[in-house]
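Visitor: Contents of coords.cif (mmCIF, N, CA and C atoms) are given next:
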```
data_run
#
loop_
_atom_site.label_atom_id
_atom_site.label_comp_id
_atom_site.auth_asym_id
_atom_site.auth_seq_id
_atom_site.Cartn_x
_atom_site.Cartn_y
_atom_site.Cartn_z
N MET D 44 94.62 99.98 85.10
CA MET D 44 95.18 99.68 86.40
C MET D 44 95.72 100.92 87.11
N THR D 45 96.01 101.97 86.36
CA THR D 45 96.56 103.16 87.01
C THR D 45 95.51 103.92 87.80
N GLN D 46 94.25 103.54 87.70
CA GLN D 46 93.18 104.17 88.46
C GLN D 46 92.88 103.41 89.75
N SER D 47 93.55 102.31 89.97
CA SER D 47 93.30 101.45 91.12
C SER D 47 93.68 102.15 92.42
N GLN D 48 93.11 101.69 93.50
CA GLN D 48 93.48 102.16 94.83
C GLN D 48 94.48 101.21 95.48
N ASP D 49 94.67 100.04 94.90
CA ASP D 49 95.58 99.03 95.43
C ASP D 49 97.02 99.39 95.04
N PRO D 50 97.88 99.65 96.01
CA PRO D 50 99.26 100.03 95.69
C PRO D 50 99.99 99.00 94.84
N ASN D 51 99.73 97.73 95.07
CA ASN D 51 100.40 96.69 94.28
C ASN D 51 100.02 96.78 92.81
N GLN D 52 98.76 97.05 92.54
CA GLN D 52 98.33 97.21 91.15
C GLN D 52 98.94 98.46 90.53
N LEU D 53 99.06 99.51 91.30
CA LEU D 53 99.68 100.74 90.80
C LEU D 53 101.15 100.52 90.46
N ILE D 54 101.83 99.76 91.27
CA ILE D 54 103.24 99.46 91.02
C ILE D 54 103.39 98.65 89.74
N VAL D 55 102.59 97.61 89.59
CA VAL D 55 102.64 96.79 88.38
C VAL D 55 102.30 97.64 87.16
N ALA D 56 101.29 98.48 87.27
CA ALA D 56 100.87 99.33 86.15
C ALA D 56 102.00 100.29 85.75
N ALA D 57 102.63 100.92 86.73
CA ALA D 57 103.71 101.86 86.45
C ALA D 57 104.89 101.17 85.79
N LEU D 58 105.28 100.03 86.32
CA LEU D 58 106.42 99.32 85.76
C LEU D 58 106.13 98.80 84.36
N THR D 59 104.91 98.34 84.14
CA THR D 59 104.52 97.86 82.81
C THR D 59 104.50 99.02 81.82
N LEU D 60 103.93 100.12 82.21
CA LEU D 60 103.88 101.30 81.36
C LEU D 60 105.29 101.77 81.00
N GLY D 61 106.18 101.74 81.97
CA GLY D 61 107.56 102.14 81.72
C GLY D 61 108.26 101.21 80.75
N GLU D 62 108.06 99.92 80.90
CA GLU D 62 108.68 98.96 79.97
C GLU D 62 108.16 99.16 78.56
N TYR D 63 106.88 99.41 78.44
CA TYR D 63 106.29 99.67 77.12
C TYR D 63 106.84 100.97 76.55
N GLY D 64 107.02 101.97 77.41
CA GLY D 64 107.54 103.25 76.97
C GLY D 64 108.96 103.20 76.48
N LYS D 65 109.73 102.20 76.91
CA LYS D 65 111.10 102.06 76.41
C LYS D 65 111.12 101.68 74.94
N ILE D 66 110.14 100.89 74.51
CA ILE D 66 110.16 100.39 73.13
C ILE D 66 109.19 101.13 72.21
N LYS D 67 108.28 101.90 72.78
CA LYS D 67 107.28 102.62 71.99
C LYS D 67 107.28 104.07 72.42
N ASP D 68 107.35 104.98 71.48
CA ASP D 68 107.32 106.42 71.78
C ASP D 68 105.92 106.80 72.26
N LEU D 69 105.83 107.23 73.51
CA LEU D 69 104.54 107.60 74.10
C LEU D 69 104.33 109.11 74.15
N SER D 70 105.12 109.86 73.41
CA SER D 70 105.00 111.32 73.45
C SER D 70 103.65 111.80 72.92
N GLY D 71 103.00 111.04 72.08
CA GLY D 71 101.69 111.42 71.56
C GLY D 71 100.54 111.08 72.49
N GLU D 72 100.85 110.42 73.59
CA GLU D 72 99.82 110.01 74.56
C GLU D 72 99.68 111.10 75.61
N ALA D 73 98.63 111.88 75.52
CA ALA D 73 98.44 113.05 76.39
C ALA D 73 98.31 112.70 77.87
N ARG D 74 97.85 111.50 78.19
CA ARG D 74 97.59 111.15 79.59
C ARG D 74 98.81 110.62 80.32
N ILE D 75 99.92 110.42 79.63
CA ILE D 75 101.07 109.78 80.26
C ILE D 75 101.64 110.61 81.41
N LEU D 76 101.88 111.88 81.19
CA LEU D 76 102.47 112.70 82.25
C LEU D 76 101.53 112.92 83.44
N PRO D 77 100.25 113.25 83.21
CA PRO D 77 99.36 113.37 84.38
C PRO D 77 99.25 112.07 85.19
N THR D 78 99.29 110.95 84.49
CA THR D 78 99.22 109.66 85.18
C THR D 78 100.44 109.45 86.06
N VAL D 79 101.62 109.69 85.51
CA VAL D 79 102.85 109.51 86.28
C VAL D 79 102.93 110.52 87.41
N GLN D 80 102.52 111.75 87.18
CA GLN D 80 102.52 112.76 88.24
C GLN D 80 101.62 112.35 89.39
N ARG D 81 100.47 111.77 89.08
CA ARG D 81 99.56 111.31 90.13
C ARG D 81 100.21 110.18 90.94
N LEU D 82 100.95 109.30 90.27
CA LEU D 82 101.63 108.22 90.97
C LEU D 82 102.74 108.77 91.88
N PHE D 83 103.41 109.85 91.45
CA PHE D 83 104.43 110.48 92.28
C PHE D 83 103.84 111.05 93.56
N GLN D 84 102.57 111.39 93.57
CA GLN D 84 101.93 111.99 94.73
C GLN D 84 101.31 110.95 95.68
N HIS D 85 101.44 109.69 95.34
CA HIS D 85 100.88 108.62 96.18
C HIS D 85 101.62 108.59 97.52
N PRO D 86 100.91 108.31 98.61
CA PRO D 86 101.57 108.31 99.92
C PRO D 86 102.56 107.16 100.13
N GLN D 87 102.42 106.08 99.39
CA GLN D 87 103.30 104.92 99.59
C GLN D 87 104.58 105.08 98.75
N GLU D 88 105.72 104.90 99.41
CA GLU D 88 107.02 105.11 98.76
C GLU D 88 107.26 104.14 97.60
N ASP D 89 106.78 102.92 97.70
CA ASP D 89 106.99 101.94 96.63
C ASP D 89 106.30 102.38 95.33
N VAL D 90 105.16 103.02 95.46
CA VAL D 90 104.45 103.53 94.28
C VAL D 90 105.24 104.68 93.66
N LYS D 91 105.78 105.55 94.50
CA LYS D 91 106.60 106.66 94.01
C LYS D 91 107.85 106.14 93.30
N PHE D 92 108.45 105.11 93.87
CA PHE D 92 109.64 104.51 93.27
C PHE D 92 109.31 103.92 91.90
N ALA D 93 108.19 103.22 91.81
CA ALA D 93 107.75 102.65 90.52
C ALA D 93 107.46 103.76 89.52
N ALA D 94 106.90 104.87 89.98
CA ALA D 94 106.63 106.00 89.10
C ALA D 94 107.92 106.59 88.55
N SER D 95 108.95 106.64 89.37
CA SER D 95 110.23 107.18 88.89
C SER D 95 110.86 106.26 87.86
N ILE D 96 110.76 104.97 88.08
CA ILE D 96 111.27 104.01 87.09
C ILE D 96 110.47 104.14 85.79
N CYS D 97 109.17 104.25 85.93
CA CYS D 97 108.29 104.43 84.77
C CYS D 97 108.70 105.65 83.97
N MET D 98 108.87 106.78 84.63
CA MET D 98 109.20 108.02 83.93
C MET D 98 110.56 107.91 83.26
N GLY D 99 111.51 107.29 83.92
CA GLY D 99 112.83 107.10 83.31
C GLY D 99 112.76 106.25 82.07
N ASN D 100 112.00 105.17 82.13
CA ASN D 100 111.88 104.29 80.98
C ASN D 100 111.12 104.95 79.84
N VAL D 101 110.07 105.68 80.15
CA VAL D 101 109.32 106.38 79.11
C VAL D 101 110.22 107.42 78.44
N THR D 102 111.08 108.05 79.22
CA THR D 102 112.00 109.04 78.67
C THR D 102 112.99 108.39 77.70
N ILE D 103 113.39 107.18 77.97
CA ILE D 103 114.28 106.46 77.05
C ILE D 103 113.62 106.31 75.68
N GLY D 104 112.30 106.15 75.66
CA GLY D 104 111.58 105.98 74.40
C GLY D 104 111.59 107.21 73.52
N ASN D 105 111.68 108.40 74.10
CA ASN D 105 111.76 109.65 73.34
C ASN D 105 112.38 110.73 74.22
N PRO D 106 113.70 110.71 74.37
CA PRO D 106 114.35 111.67 75.27
C PRO D 106 114.16 113.13 74.85
N ASP D 107 114.09 113.38 73.55
CA ASP D 107 113.92 114.76 73.09
C ASP D 107 112.63 115.38 73.64
N HIS D 108 111.61 114.59 73.75
CA HIS D 108 110.31 115.10 74.22
C HIS D 108 110.21 115.09 75.75
N PHE D 109 110.65 114.02 76.38
CA PHE D 109 110.37 113.84 77.80
C PHE D 109 111.43 114.37 78.75
N LEU D 110 112.66 114.52 78.31
CA LEU D 110 113.72 114.90 79.25
C LEU D 110 113.47 116.25 79.90
N ALA D 111 113.04 117.22 79.13
CA ALA D 111 112.74 118.54 79.71
C ALA D 111 111.61 118.43 80.73
N GLN D 112 110.64 117.57 80.46
CA GLN D 112 109.52 117.41 81.38
C GLN D 112 109.95 116.69 82.66
N VAL D 113 110.92 115.80 82.54
CA VAL D 113 111.45 115.14 83.74
C VAL D 113 112.12 116.17 84.64
N PHE D 114 112.93 117.04 84.05
CA PHE D 114 113.57 118.09 84.85
C PHE D 114 112.54 119.02 85.49
N GLU D 115 111.48 119.29 84.78
CA GLU D 115 110.42 120.13 85.33
C GLU D 115 109.75 119.46 86.53
N LEU D 116 109.50 118.17 86.41
CA LEU D 116 108.92 117.41 87.52
C LEU D 116 109.82 117.43 88.74
N VAL D 117 111.10 117.25 88.50
CA VAL D 117 112.07 117.26 89.61
C VAL D 117 112.12 118.63 90.27
N ASN D 118 112.15 119.68 89.48
CA ASN D 118 112.19 121.03 90.03
C ASN D 118 110.93 121.38 90.81
N ASN D 119 109.79 120.88 90.36
CA ASN D 119 108.51 121.17 91.03
C ASN D 119 108.32 120.36 92.31
N SER D 120 109.08 119.29 92.45
CA SER D 120 108.90 118.47 93.65
C SER D 120 109.98 118.77 94.63
#
```
Could you quickly redo this structure as structure tokens?

Guide:
Amino acid sequence: MTQSQDPNQLIVAALTLGEYGKIKDLSGEARILPTVQRLFQHPQEDVKFAASICMGNVTIGNPDHFLAQVFELVNNS
């Protein structure tokens, strides 16, 4: 669903991915950060908001791995 062009599907995908990331460590999943970064670049604000929730929730799943990358994303944007 993260490859969809439909903003509603992107929002659902981001929120679902984030919820899963809270309970499962996704640090071994190489595509997680590029996927979330692409969602942050979407022109629709609701998709960007869902991406931020997703990244926050994924970070909860493994803060040692993701927190530095969250700060890097913030600094780059």

Visitor: With the cut-off set at 8 Å and counting all atoms listed in the file, tabulate each residue of segment 62-91 of chain D with an atom at most that distance from an atom of segment 96-99 of chain D, showing the nearest atom pair and its distance in Å to one decimal, ordered by chain and increasing number, as CSV.

Guide:
```
residue,atom,partner,partner_atom,distance
D:Glu62,N,D:Cys97,CA,5.9
D:Gly64,C,D:Gly99,C,7.4
D:Lys65,N,D:Gly99,C,7.2
D:Val79,CA,D:Met98,N,6.8
D:Val90,C,D:Ile96,N,7.9
D:Lys91,C,D:Ile96,N,6.1
```

Visitor: Calculate how many Å separate atom CA of Asp68 of chain D from atom C of Asn105 of chain D, rounding to one decimal.

Guide: 7.1 Å

Visitor: Just want the 7 Å neighbourhood of segment 109-117 of chain D, counted on all atoms listed in the file, with same-chain residues fewer than 6 positions away dropped. Output as a list in words.

Guide: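 So, after excluding close chain neighbours, the residues are Ser70, Val101 and Thr102 of chain D.
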
Visitor: Could you work out how far atom C of His85 of chain D lies from atom C of Leu69 of chain D, giving the answer in Å with one decimal?

Guide: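 That distance, rounded to one decimal, is 23.5 Å.
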
Visitor: So how many Å separate atom CA of Leu58 of chain D and atom CA of Asn119 of chain D, to one decimal?

Guide: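 Distance between the two atoms: 22.6 Å.
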
Visitor: Would you pick out the contacts of Thr78 of chain D at 12 Å or less, using only C-alpha atoms, so that residues sharing its chain but fewer than 6 positions from it are not included, and give the list as a PyMOL selection string?

Guide: chain D and resi 44-47+53+56-57+60-61+72+84-85+91+94-95+97-98

Visitor: Give the helix (DSSP H, G or I) residues of chain D, as assigned by DSSP on the backbone, as a count of residues only.

Guide: 57

Visitor: Taking only N, CA and C atoms into account, which of D:Asp107, D:Ala93, D:Pro86, D:Arg81 comes nearest Ile54 of chain D?

Guide: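 Smallest separation from Ile54 of chain D among the options: D:Ala93.
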
Visitor: When you count all atoms listed in the file, which of these residues is closest to Ile66 of chain D: D:Gln80, D:Gln48, D:Asn100, D:Gln87?

Guide: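 Answer, going by the shortest atom-to-atom distance: D:Asn100.
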
Visitor: Box for segment 46-56 of chain D: with edges along x, y and z, all listed atoms inside and 5 Å added on each side, what are the centre and edge lengths in Å to one decimal, as lines of an AutoDock Vina configuration file?

Guide:
```
center_x = 98.1
center_y = 100.4
center_z = 90.9
size_x = 20.5
size_y = 17.5
size_z = 20.3
```
